[in-house]
file query_15.txt (compact mmCIF, C-alpha atoms)
# COMPACT_ATOMS: atom_id res chain seq x y z
CA MET A 1 100.87 106.14 153.58
CA THR A 2 101.81 108.99 151.26
CA SER A 3 104.29 111.85 151.50
CA ARG A 4 104.40 115.20 149.81
CA ASP A 5 106.52 113.62 147.09
CA ASP A 6 103.97 110.83 146.67
CA PRO A 7 100.55 112.39 147.21
CA GLU A 8 97.21 110.63 147.14
CA LEU A 9 95.71 110.77 143.66
CA ARG A 10 92.32 112.50 143.57
CA GLU A 11 89.93 113.28 140.76
CA PRO A 12 87.00 115.24 142.27
CA ASP A 13 83.62 115.19 140.57
CA LEU A 14 82.37 118.27 138.74
CA PRO A 15 80.27 120.75 140.71
CA ARG A 16 76.53 120.24 140.34
CA THR A 17 76.19 123.34 138.15
CA ALA A 18 78.64 121.90 135.59
CA LYS A 19 76.99 118.55 134.85
CA VAL A 20 76.26 117.26 131.36
CA ARG A 21 74.00 119.42 129.22
CA LYS A 22 71.82 118.08 126.42
CA GLN A 23 72.48 120.88 123.95
CA ALA A 24 75.77 121.72 122.27
CA LEU A 25 77.86 124.21 124.19
CA ARG A 26 77.84 127.88 123.27
CA THR A 27 80.96 129.98 123.61
CA GLY A 28 80.54 133.41 125.17
CA TRP A 29 82.42 136.66 125.66
CA THR A 30 84.86 137.63 128.37
CA THR A 31 84.42 140.65 130.60
CA GLY A 32 87.43 142.12 128.78
CA THR A 33 85.73 141.83 125.39
CA CYS A 34 82.53 143.40 126.69
CA ALA A 35 84.46 146.21 128.37
CA ALA A 36 86.31 146.92 125.12
CA ALA A 37 83.03 146.99 123.19
CA ALA A 38 81.44 149.35 125.71
CA ALA A 39 84.51 151.62 125.65
CA LYS A 40 84.45 151.88 121.85
CA ALA A 41 80.69 152.55 121.79
CA ALA A 42 80.98 155.28 124.42
CA THR A 43 83.99 156.88 122.72
CA THR A 44 82.23 156.84 119.35
CA ALA A 45 79.16 158.46 120.92
CA LEU A 46 81.28 161.18 122.53
CA HIS A 47 83.19 161.80 119.29
CA THR A 48 80.19 161.89 116.94
CA GLY A 49 77.42 162.98 119.30
CA GLU A 50 75.36 160.02 118.05
CA ILE A 51 73.80 157.30 120.20
CA GLN A 52 75.32 153.89 119.41
CA HIS A 53 73.06 150.84 119.09
CA THR A 54 75.69 148.30 118.02
CA VAL A 55 79.47 148.22 118.08
CA GLU A 56 82.10 146.10 116.31
CA ILE A 57 85.51 145.29 117.78
CA GLY A 58 88.43 143.02 116.98
CA LEU A 59 89.48 140.07 119.14
CA PRO A 60 93.17 139.22 119.72
CA SER A 61 92.84 136.55 117.01
CA GLY A 62 91.82 139.18 114.46
CA GLN A 63 88.21 138.01 114.37
CA ARG A 64 85.67 140.85 114.22
CA VAL A 65 82.56 140.67 116.40
CA ARG A 66 79.53 142.96 116.62
CA PHE A 67 77.70 143.50 119.92
CA PRO A 68 74.39 145.14 120.76
CA VAL A 69 74.74 148.24 122.94
CA ASP A 70 72.17 147.88 125.69
CA GLN A 71 72.28 151.52 126.73
CA CYS A 72 74.04 154.63 125.44
CA THR A 73 73.94 158.28 126.52
CA THR A 74 76.02 161.26 125.43
CA SER A 75 76.57 164.94 126.09
CA ASP A 76 79.18 167.52 125.11
CA THR A 77 81.55 166.39 127.86
CA GLN A 78 80.76 162.76 128.62
CA ALA A 79 79.32 159.58 127.13
CA GLU A 80 78.40 156.21 128.59
CA ALA A 81 77.66 152.83 127.00
CA VAL A 82 76.63 149.44 128.40
CA VAL A 83 77.32 146.01 126.88
CA VAL A 84 75.73 143.01 128.64
CA LYS A 85 77.96 139.97 129.01
CA ASP A 86 76.81 136.68 127.49
CA ALA A 87 79.02 133.94 128.93
CA GLY A 88 77.59 131.24 126.65
CA ASP A 89 77.29 127.88 128.37
CA ASP A 90 80.15 128.42 130.81
CA PRO A 91 78.92 128.44 134.44
CA ASP A 92 80.14 131.99 134.95
CA VAL A 93 79.00 134.26 137.80
CA THR A 94 79.46 137.30 135.56
CA HIS A 95 76.92 136.14 132.97
CA GLY A 96 74.53 139.06 132.50
CA ALA A 97 76.96 141.59 133.97
CA ARG A 98 76.47 145.12 132.61
CA LEU A 99 79.94 146.20 131.50
CA THR A 100 79.75 149.98 131.55
CA ALA A 101 82.23 152.45 130.04
CA THR A 102 82.07 156.13 130.97
CA VAL A 103 84.31 158.36 128.87
CA ARG A 104 85.33 162.03 128.76
CA TRP A 105 88.04 163.97 126.97
CA ARG A 106 91.47 164.60 128.51
CA ASN A 107 94.11 167.17 127.57
CA GLN A 108 96.92 164.72 126.80
CA PRO A 109 96.79 162.22 123.91
CA GLY A 110 96.22 158.55 124.76
CA ILE A 111 94.09 156.68 127.28
CA ASP A 112 93.71 157.03 131.03
CA LEU A 113 91.98 153.78 132.06
CA GLN A 114 90.45 153.41 135.51
CA GLY A 115 88.23 150.95 137.31
CA GLY A 116 84.94 152.18 138.71
CA VAL A 117 82.19 150.72 140.88
CA GLY A 118 82.12 146.93 140.78
CA VAL A 119 85.65 146.50 139.40
CA GLY A 120 88.04 145.08 141.95
CA VAL A 121 91.17 146.78 143.30
CA VAL A 122 94.41 144.78 143.52
CA THR A 123 95.74 144.67 147.09
CA LYS A 124 98.27 141.83 146.92
CA PRO A 125 101.20 140.94 144.64
CA GLY A 126 101.33 137.87 142.43
CA LEU A 127 98.61 138.73 139.92
CA GLY A 128 100.74 140.43 137.30
CA LEU A 129 98.98 143.72 138.05
CA GLU A 130 99.97 146.86 139.92
CA VAL A 131 99.02 146.78 143.60
CA GLY A 132 96.49 149.55 144.21
CA GLY A 133 95.34 149.55 140.59
CA ALA A 134 92.16 148.27 138.99
CA ALA A 135 91.88 144.54 138.34
CA ILE A 136 91.87 144.96 134.56
CA ASN A 137 94.21 142.39 133.04
CA PRO A 138 96.77 143.15 130.29
CA VAL A 139 94.91 141.65 127.33
CA PRO A 140 91.65 143.50 128.12
CA ARG A 141 93.67 146.71 128.52
CA ALA A 142 95.17 146.15 125.07
CA MET A 143 91.74 145.33 123.61
CA ILE A 144 90.27 148.52 125.07
CA THR A 145 93.12 150.58 123.63
CA GLN A 146 92.80 148.97 120.21
CA SER A 147 89.01 149.33 120.13
CA VAL A 148 89.01 152.96 121.23
CA GLY A 149 91.78 153.64 118.71
CA GLU A 150 89.36 152.59 115.98
CA ALA A 151 87.00 155.37 117.08
CA ILE A 152 89.48 158.23 117.57
CA ASP A 153 93.14 158.95 116.78
CA LEU A 154 94.83 158.39 120.14
CA ALA A 155 98.00 160.04 118.90
CA GLN A 156 96.05 163.28 118.58
CA ARG A 157 93.32 163.02 121.21
CA GLY A 158 93.15 161.83 124.78
CA ILE A 159 90.33 160.18 126.67
CA HIS A 160 89.53 159.14 130.24
CA ILE A 161 87.80 155.75 130.43
CA THR A 162 86.21 154.32 133.56
CA ILE A 163 85.00 150.72 133.41
CA SER A 164 82.36 149.85 135.99
CA VAL A 165 80.10 146.87 136.67
CA PRO A 166 76.92 147.47 138.68
CA ASP A 167 76.53 144.55 141.12
CA GLY A 168 80.16 143.62 140.48
CA GLU A 169 80.95 143.60 144.19
CA LYS A 170 78.08 141.18 144.81
CA MET A 171 79.22 138.94 141.93
CA ALA A 172 82.76 138.91 143.32
CA ARG A 173 81.55 137.22 146.51
CA LYS A 174 81.02 134.06 144.45
CA THR A 175 84.61 134.11 143.17
CA THR A 176 88.05 133.64 144.73
CA ASN A 177 88.87 137.35 144.25
CA ALA A 178 88.93 138.27 147.94
CA ARG A 179 91.30 135.41 148.75
CA LEU A 180 93.59 136.60 145.96
CA GLY A 181 93.52 140.16 147.25
CA ILE A 182 91.12 141.65 144.69
CA ILE A 183 88.72 143.72 146.75
CA GLY A 184 85.49 145.49 145.90
CA GLY A 185 84.46 143.84 142.67
CA ILE A 186 85.15 141.50 139.79
CA SER A 187 88.19 141.29 137.54
CA ILE A 188 88.15 142.33 133.90
CA LEU A 189 89.62 139.21 132.37
CA GLY A 190 90.34 137.35 129.16
CA THR A 191 93.21 136.29 126.92
CA THR A 192 91.36 135.45 123.70
CA GLY A 193 88.20 137.50 124.20
CA ILE A 194 86.10 134.34 124.05
CA VAL A 195 84.75 132.30 126.98
CA ARG A 196 85.13 128.62 126.19
CA PRO A 197 83.24 126.27 128.52
CA PHE A 198 86.26 124.42 129.90
CA SER A 199 84.55 123.63 133.17
CA THR A 200 81.64 121.52 131.92
CA ALA A 201 81.28 117.80 131.43
CA SER A 202 80.75 118.43 127.71
CA TRP A 203 84.20 120.00 127.55
CA ARG A 204 85.59 116.80 129.06
CA ALA A 205 83.90 114.88 126.25
CA SER A 206 85.50 117.16 123.67
CA VAL A 207 88.95 116.52 125.21
CA GLU A 208 88.40 112.78 125.00
CA GLN A 209 87.22 113.12 121.39
CA ALA A 210 90.30 115.16 120.43
CA ILE A 211 92.57 112.38 121.71
CA ALA A 212 90.59 109.78 119.78
CA VAL A 213 91.00 111.87 116.61
CA LEU A 214 94.79 112.19 116.91
CA ALA A 215 95.10 108.47 117.64
CA ALA A 216 92.99 107.65 114.59
CA GLN A 217 95.44 109.65 112.48
CA GLY A 218 98.28 107.41 113.61
CA GLU A 219 99.94 109.85 116.02
CA ASP A 220 101.62 108.40 119.12
CA THR A 221 102.18 111.66 121.06
CA VAL A 222 99.70 113.93 122.79
CA VAL A 223 100.56 117.35 124.21
CA LEU A 224 98.08 118.31 126.93
CA CYS A 225 97.83 122.08 127.36
CA THR A 226 95.87 123.96 130.00
CA GLY A 227 94.58 126.70 127.70
CA GLY A 228 95.01 128.70 124.51
CA ARG A 229 98.16 130.61 125.46
CA THR A 230 99.84 127.45 126.68
CA GLU A 231 98.85 125.59 123.52
CA LYS A 232 100.38 128.28 121.30
CA GLY A 233 103.55 128.22 123.37
CA ALA A 234 103.76 124.43 123.27
CA MET A 235 103.37 124.46 119.48
CA LYS A 236 106.39 126.78 119.24
CA LEU A 237 108.39 124.59 121.62
CA LEU A 238 107.48 121.39 119.76
CA PRO A 239 107.30 122.46 116.10
CA GLN A 240 108.00 118.91 114.87
CA LEU A 241 104.55 117.74 116.03
CA PRO A 242 101.44 118.22 113.89
CA GLU A 243 98.68 120.48 115.19
CA VAL A 244 96.34 117.57 115.90
CA CYS A 245 98.67 116.40 118.71
CA PHE A 246 97.91 119.47 120.84
CA VAL A 247 94.83 119.26 123.08
CA GLU A 248 93.48 121.94 125.43
CA VAL A 249 92.47 119.94 128.51
CA GLY A 250 91.15 122.74 130.71
CA ASP A 251 90.49 121.06 134.07
CA PHE A 252 90.32 117.49 132.78
CA THR A 253 93.86 116.13 132.93
CA GLY A 254 92.74 112.83 134.46
CA ALA A 255 90.19 112.17 131.73
CA ALA A 256 92.76 113.03 129.07
CA LEU A 257 95.37 110.67 130.54
CA ARG A 258 92.90 107.77 130.66
CA ARG A 259 92.03 108.26 127.00
CA ALA A 260 95.70 108.57 126.04
CA VAL A 261 96.41 105.22 127.68
CA GLU A 262 93.28 103.67 126.15
CA HIS A 263 94.37 104.66 122.65
CA GLY A 264 97.90 103.33 123.16
CA LEU A 265 99.72 106.66 122.87
CA THR A 266 103.37 106.14 123.74
CA ARG A 267 104.32 109.68 124.73
CA ILE A 268 102.40 112.14 126.90
CA ILE A 269 103.58 115.73 127.33
CA PHE A 270 101.89 118.16 129.70
CA ALA A 271 102.49 121.91 129.33
CA GLY A 272 101.26 124.31 131.98
CA MET A 273 101.89 127.25 134.26
CA ALA A 274 102.78 127.19 137.95
CA GLY A 275 99.22 127.21 139.34
CA LYS A 276 97.93 124.22 137.41
CA LEU A 277 101.17 122.29 137.88
CA THR A 278 100.99 122.82 141.64
CA LYS A 279 97.48 121.36 141.80
CA LEU A 280 98.55 118.35 139.73
CA ALA A 281 101.73 117.86 141.78
CA ALA A 282 99.50 117.65 144.85
CA GLY A 283 97.67 114.73 143.23
CA VAL A 284 94.56 116.54 142.00
CA LEU A 285 93.66 115.40 138.47
CA MET A 286 90.46 117.45 138.00
CA THR A 287 91.47 121.01 138.74
CA HIS A 288 88.21 122.99 138.57
CA TYR A 289 88.63 125.96 140.92
CA THR A 290 85.67 124.88 143.08
CA ARG A 291 87.25 121.47 143.65
CA SER A 292 90.90 122.28 144.24
CA LYS A 293 93.26 124.99 145.38
CA VAL A 294 96.96 125.67 145.19
CA SER A 295 98.93 124.03 148.02
CA LEU A 296 101.31 126.62 149.42
CA ASP A 297 102.78 123.96 151.72
CA LEU A 298 103.80 122.01 148.63
CA LEU A 299 105.39 125.12 147.09
CA LYS A 300 107.21 125.76 150.37
CA ASP A 301 108.51 122.18 150.33
CA ILE A 302 109.62 122.57 146.70
CA THR A 303 111.51 125.74 147.64
CA LEU A 304 113.57 123.84 150.20
CA ALA A 305 114.08 120.85 147.88
CA ALA A 306 115.37 123.19 145.17
CA GLY A 307 117.99 124.68 147.50
CA GLY A 308 116.14 127.69 148.84
CA ASP A 309 116.69 128.82 152.41
CA GLN A 310 114.13 128.75 155.19
CA ASP A 311 113.37 132.47 154.87
CA LEU A 312 112.47 132.11 151.19
CA ALA A 313 110.45 129.00 151.96
CA GLU A 314 108.43 130.93 154.53
CA GLN A 315 107.80 133.74 152.02
CA VAL A 316 106.63 131.19 149.46
CA GLY A 317 104.46 129.51 152.08
CA ASN A 318 102.70 132.85 152.59
CA ALA A 319 102.48 133.73 148.89
CA ASN A 320 99.23 135.03 147.46
CA THR A 321 99.19 132.76 144.41
CA ALA A 322 101.37 130.20 142.62
CA ARG A 323 102.35 133.04 140.30
CA HIS A 324 103.49 135.04 143.33
CA ALA A 325 105.53 132.03 144.49
CA ALA A 326 107.16 131.81 141.05
CA GLU A 327 107.97 135.53 141.20
CA LEU A 328 109.62 135.01 144.60
CA TRP A 329 111.65 132.11 143.18
CA ASP A 330 112.67 134.31 140.25
CA GLU A 331 113.76 137.19 142.50
CA ALA A 332 115.89 134.76 144.50
CA GLY A 333 117.44 133.22 141.36
CA LEU A 334 115.77 129.89 142.18
CA LEU A 335 113.14 129.75 139.41
CA PRO A 336 114.88 127.23 137.12
CA ALA A 337 115.65 124.82 139.98
CA ALA A 338 112.25 125.17 141.64
CA GLY A 339 110.57 124.87 138.25
CA ARG A 340 112.40 121.60 137.57
CA GLU A 341 111.38 120.28 140.97
CA LEU A 342 107.74 121.23 140.36
CA CYS A 343 107.83 119.62 136.91
CA ALA A 344 109.41 116.46 138.32
CA ARG A 345 106.74 116.11 141.01
CA THR A 346 104.00 116.75 138.49
CA ALA A 347 105.50 114.21 136.10
CA ARG A 348 105.56 111.59 138.86
CA VAL A 349 101.90 112.18 139.67
CA LEU A 350 100.85 112.01 136.02
CA SER A 351 102.98 108.91 135.51
CA ARG A 352 101.41 107.18 138.53
CA PHE A 353 97.92 108.07 137.36
CA SER A 354 98.70 106.79 133.86
CA ALA A 355 100.17 103.57 135.29
CA GLU A 356 97.02 102.95 137.35
CA ALA A 357 94.88 103.59 134.28
CA ALA A 358 97.09 101.25 132.25
CA SER A 359 96.80 98.46 134.82
CA GLN A 360 93.01 98.75 134.76
CA GLN A 361 93.01 98.54 130.96
CA ASP A 362 95.67 95.83 130.71
CA ARG A 363 98.01 98.19 128.90
CA THR A 364 101.58 99.41 129.34
CA ALA A 365 102.32 102.59 131.29
CA ARG A 366 103.43 105.56 129.20
CA GLN A 367 106.31 108.02 129.31
CA VAL A 368 105.24 111.38 130.76
CA GLN A 369 107.06 114.68 130.27
CA VAL A 370 106.08 117.96 131.95
CA ILE A 371 106.98 121.44 130.69
CA MET A 372 106.52 124.55 132.85
CA VAL A 373 105.96 127.74 130.88
CA ASP A 374 105.88 131.34 132.03
CA PHE A 375 102.71 133.40 132.38
CA THR A 376 102.71 134.45 128.73
CA GLY A 377 102.57 130.76 127.87
CA GLN A 378 105.39 131.28 125.38
CA THR A 379 108.65 130.68 127.27
CA LYS A 380 109.81 127.41 128.80
CA ILE A 381 111.01 127.73 132.39
CA ALA A 382 111.77 124.09 133.15
CA GLU A 383 110.93 120.52 132.24
CA ALA A 384 111.19 117.02 133.69
CA ALA A 385 110.11 113.50 132.80
CA ALA A 386 109.01 110.41 134.69
call {"tool": "encode", "arguments": {"input": "query_15.txt", "output": "structure tokens"}}
result
Amino acid sequence: MTSRDDPELREPDLPRTAKVRKQALRTGWTTGTCAAAAAKAATTALHTGEIQHTVEIGLPSGQRVRFPVDQCTTSDTQAEAVVVKDAGDDPDVTHGARLTATVRWRNQPGIDLQGGVGVGVVTKPGLGLEVGGAAINPVPRAMITQSVGEAIDLAQRGIHITISVPDGEKMARKTTNARLGIIGGISILGTTGIVRPFSTASWRASVEQAIAVLAAQGEDTVVLCTGGRTEKGAMKLLPQLPEVCFVEVGDFTGAALRRAVEHGLTRIIFAGMAGKLTKLAAGVLMTHYTRSKVSLDLLKDITLAAGGDQDLAEQVGNANTARHAAELWDEAGLLPAAGRELCARTARVLSRFSAEAASQQDRTARQVQVIMVDFTGQTKIAEAAA
């Protein structure tokens, strides 16, 4: 019999569409990258009067990438460009989406960025975006601004940009957007500009290989990070550790823990944001979005355990996302305490899973530490060990 503090450990199988592939995995491009490329191509066409066939933009890392422009039209008052998304080998419903930028001049300097047909509208809090605005995330917005700024001087000229995605509303039906309150289309997403195939079995193999490499170099600590932003933040928080100790696990925390135990690592640190930690605290060790969801009941229980009142607990229990729950904790001054409670529960789950793996391999259980970071991935909110 288990309680909320001692949940059943589960490691769901991958969805059928994410099974092992024979070829090496290809990375792809986010909707944000493709939108930025389309916006620059359209702006260049409007500015020069010339049809654009390719366009080069910069990624947040500084890497420069050139894209083919699938379609481009221009007139004296308006231009439009289309860049087709290639998601690489990630099982992404937006693969093949036609990211379309329509641009026209405005009287004031700078950019007026809007979402058009096929781009979702935010209707609920907790997403880090303005309610009622287009579901275009902060990094893509910055990429669009930077890319367009390479085509025209935004301090001197102004431009209206509308990003649209034909069939975006249909694509969104295969995502969790509606449940999150994003209505009418897809989200324009991305933090690095690159789609890495976290959700495939081959990514799991790469996680396991990374742990084998750090163990072979004589390291005894592994820092499991949910993604690129979290990894960068963890490196700043733990500067004494060499780079090889940091591993992006994506959805495969269970697989990573088993390999850490197998290779005799003595210290395991997990760094993540509220959503992933909530899934792990509920006992789910493979957190692919099709196989798990955030438990609001668990977050409600954590609110009470951290000293929150019943009213706040009910608000958290009706939150839109784990991020929304964290925002409610923050507004109530409860974020540090609730964060510690969430970290502690996650640490217990990871410790139990590691102990079970150790018993099966005739090894000793390992120390587990959990760090909760904010949604930039850079700032520590709380930590706990088990």
call {"tool": "closest_residue", "arguments": {"input": "query_15.txt", "among": "A:Thr303, A:Trp105, A:Ala355, A:Asn320", "to": "A:Gly333", "atoms": "only C-alpha atoms"}}
result
A:Thr303
call {"tool": "closest_residue", "arguments": {"input": "query_15.txt", "among": "A:Glu150, A:Glu56, A:Glu50, A:Asp297", "to": "A:Glu80", "atoms": "all atoms listed in the file"}}
result
A:Glu50
call {"tool": "residues_around", "arguments": {"input": "query_15.txt", "residues": "A:Glu331", "least_positions_apart": "3", "cutoff": "12 Å", "atoms": "only C-alpha atoms", "output": "mmCIF file with C-alpha atoms, keeping the file's coordinate frame"}}
result
data_model
loop_
_atom_site.group_PDB
_atom_site.id
_atom_site.type_symbol
_atom_site.label_atom_id
_atom_site.label_comp_id
_atom_site.auth_asym_id
_atom_site.auth_seq_id
_atom_site.Cartn_x
_atom_site.Cartn_y
_atom_site.Cartn_z
ATOM 1 C CA GLY A 308 116.140 127.690 148.840
ATOM 2 C CA LEU A 312 112.470 132.110 151.190
ATOM 3 C CA GLN A 315 107.800 133.740 152.020
ATOM 4 C CA VAL A 316 106.630 131.190 149.460
ATOM 5 C CA HIS A 324 103.490 135.040 143.330
ATOM 6 C CA ALA A 325 105.530 132.030 144.490
ATOM 7 C CA ALA A 326 107.160 131.810 141.050
ATOM 8 C CA GLU A 327 107.970 135.530 141.200
ATOM 9 C CA LEU A 328 109.620 135.010 144.600
ATOM 10 C CA LEU A 334 115.770 129.890 142.180
ATOM 11 C CA LEU A 335 113.140 129.750 139.410
ATOM 12 C CA PRO A 336 114.880 127.230 137.120
#
call {"tool": "closest_residue", "arguments": {"input": "query_15.txt", "among": "A:Pro60, A:Trp329, A:Ala358, A:Gln369", "to": "A:Cys343", "atoms": "all atoms listed in the file"}}
result
A:Gln369
call {"tool": "atom_distance", "arguments": {"input": "query_15.txt", "atom1": "atom CA of A:Gly28", "atom2": "atom CA of A:Lys85"}}
result
8.0 Å
call {"tool": "atom_distance", "arguments": {"input": "query_15.txt", "atom1": "atom CA of A:Gly250", "atom2": "atom CA of A:Thr226"}}
result
4.9 Å
call {"tool": "closest_residue", "arguments": {"input": "query_15.txt", "among": "A:Gln367, A:Thr73, A:Ser206, A:Gln78", "to": "A:Thr221", "atoms": "only C-alpha atoms"}}
result
A:Gln367
call {"tool": "residues_around", "arguments": {"input": "query_15.txt", "residues": "A:Ala42", "least_positions_apart": "3", "cutoff": "9 Å", "atoms": "all atoms listed in the file", "output": "list in words"}}
result
Ala37, Ala38, Ala39, Ala45, Leu46, His47, Ile51, Gln52, Cys72, Thr73, Thr74, Gln78, Ala79, Glu80, Ala81, Val82, Thr100, Ala101, Thr102, Val103 and Val148 of chain A
